[in-house]
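K.L.:
Got a structure here, written out as structure tokens. Questions coming.
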Amino acid sequence: MLKPMKKIPEDIKQMDKRIRKLKAKENLARKGQQETDYSRASKIGFRIGTELISGVLVGGAIGYLLDKIFETRPILLIIFLFLGGIAGFLNVYRFVKSIENQEE
């Protein structure tokens, strides 16, 4: 069982500090530029499509490789394509929930 870290390592603190600095710099650069509804919708649509396709592709690749290793063609390919699709839908669900939480 993993124990929670009591002390945050220095390199993680430095990375967090750098990320915060870059986010502040990005917000400053974007100041005065409002995101249009079209650009926001296209960004969300692209992300959803990417999540769905990547889940199926990764699942298919894993299934194909396991079929080659165990010579069980095409059983594992079909199973992992199905699991990849489920993973893609789960990622989309999580993404949509995070968007809903941000809007609240």
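Letters A, B, ... mark the chains of the structure tokens in the order given; residue numbers begin at 1 per chain; ligand numbers begin at 1, in order shown.
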Give me, as a Markdown table, each residue of range 33-84 of chain A that comes within 9 Å of range 90-102 of chain A, together with its shortest interatomic pair and the distance in Å at one decimal, counting only C-alpha atoms, with rows ordered by chain and rising residue number.

P.N.:
| residue | atom | partner | partner_atom | distance |
| --- | --- | --- | --- | --- |
| A:Ile44 | CA | A:Val96 | CA | 8.9 |
| A:Arg47 | CA | A:Val92 | CA | 8.4 |
| A:Ile48 | CA | A:Val92 | CA | 5.8 |
| A:Gly49 | CA | A:Val92 | CA | 8.7 |
| A:Glu51 | CA | A:Val92 | CA | 6.4 |
| A:Leu52 | CA | A:Val92 | CA | 7.2 |
| A:Gly55 | CA | A:Asn91 | CA | 8.5 |

K.L.:
Skip Asp67 in chain A itself and residues of its chain fewer than 6 positions away, then list as number ranges by chain all residues within 10 Å of it, counting only C-alpha atoms.

P.N.:
A: 61, 73-78

K.L.:
What residues in chain A get the DSSP label alpha helix (DSSP H)? Please answer as a VMD selection string.

P.N.:
chain A and resid 10 to 30 37 to 70 75 to 103

K.L.:
Could you state the separation of CA of Lys43 in chain A and CA of Ile62 in chain A in Å, given to one decimal place?

P.N.:
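CA of Lys43 in chain A sits 28.2 Å away from CA of Ile62 in chain A.
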
K.L.:
Can you work out which one of A:Gly84, A:Asp37, A:Gly45, A:Asn27 has the shortest atom-to-atom distance to Gly59 in chain A, counting only C-alpha atoms?

P.N.:
A:Gly84

K.L.:
In terms of the shortest atom-to-atom distance over only C-alpha atoms, which of A:Ile79, A:Gly88, A:Arg40, A:Asp16 is closest to Tyr64 in chain A?

P.N.:
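For Tyr64 in chain A, the nearest of the candidates is A:Ile79.
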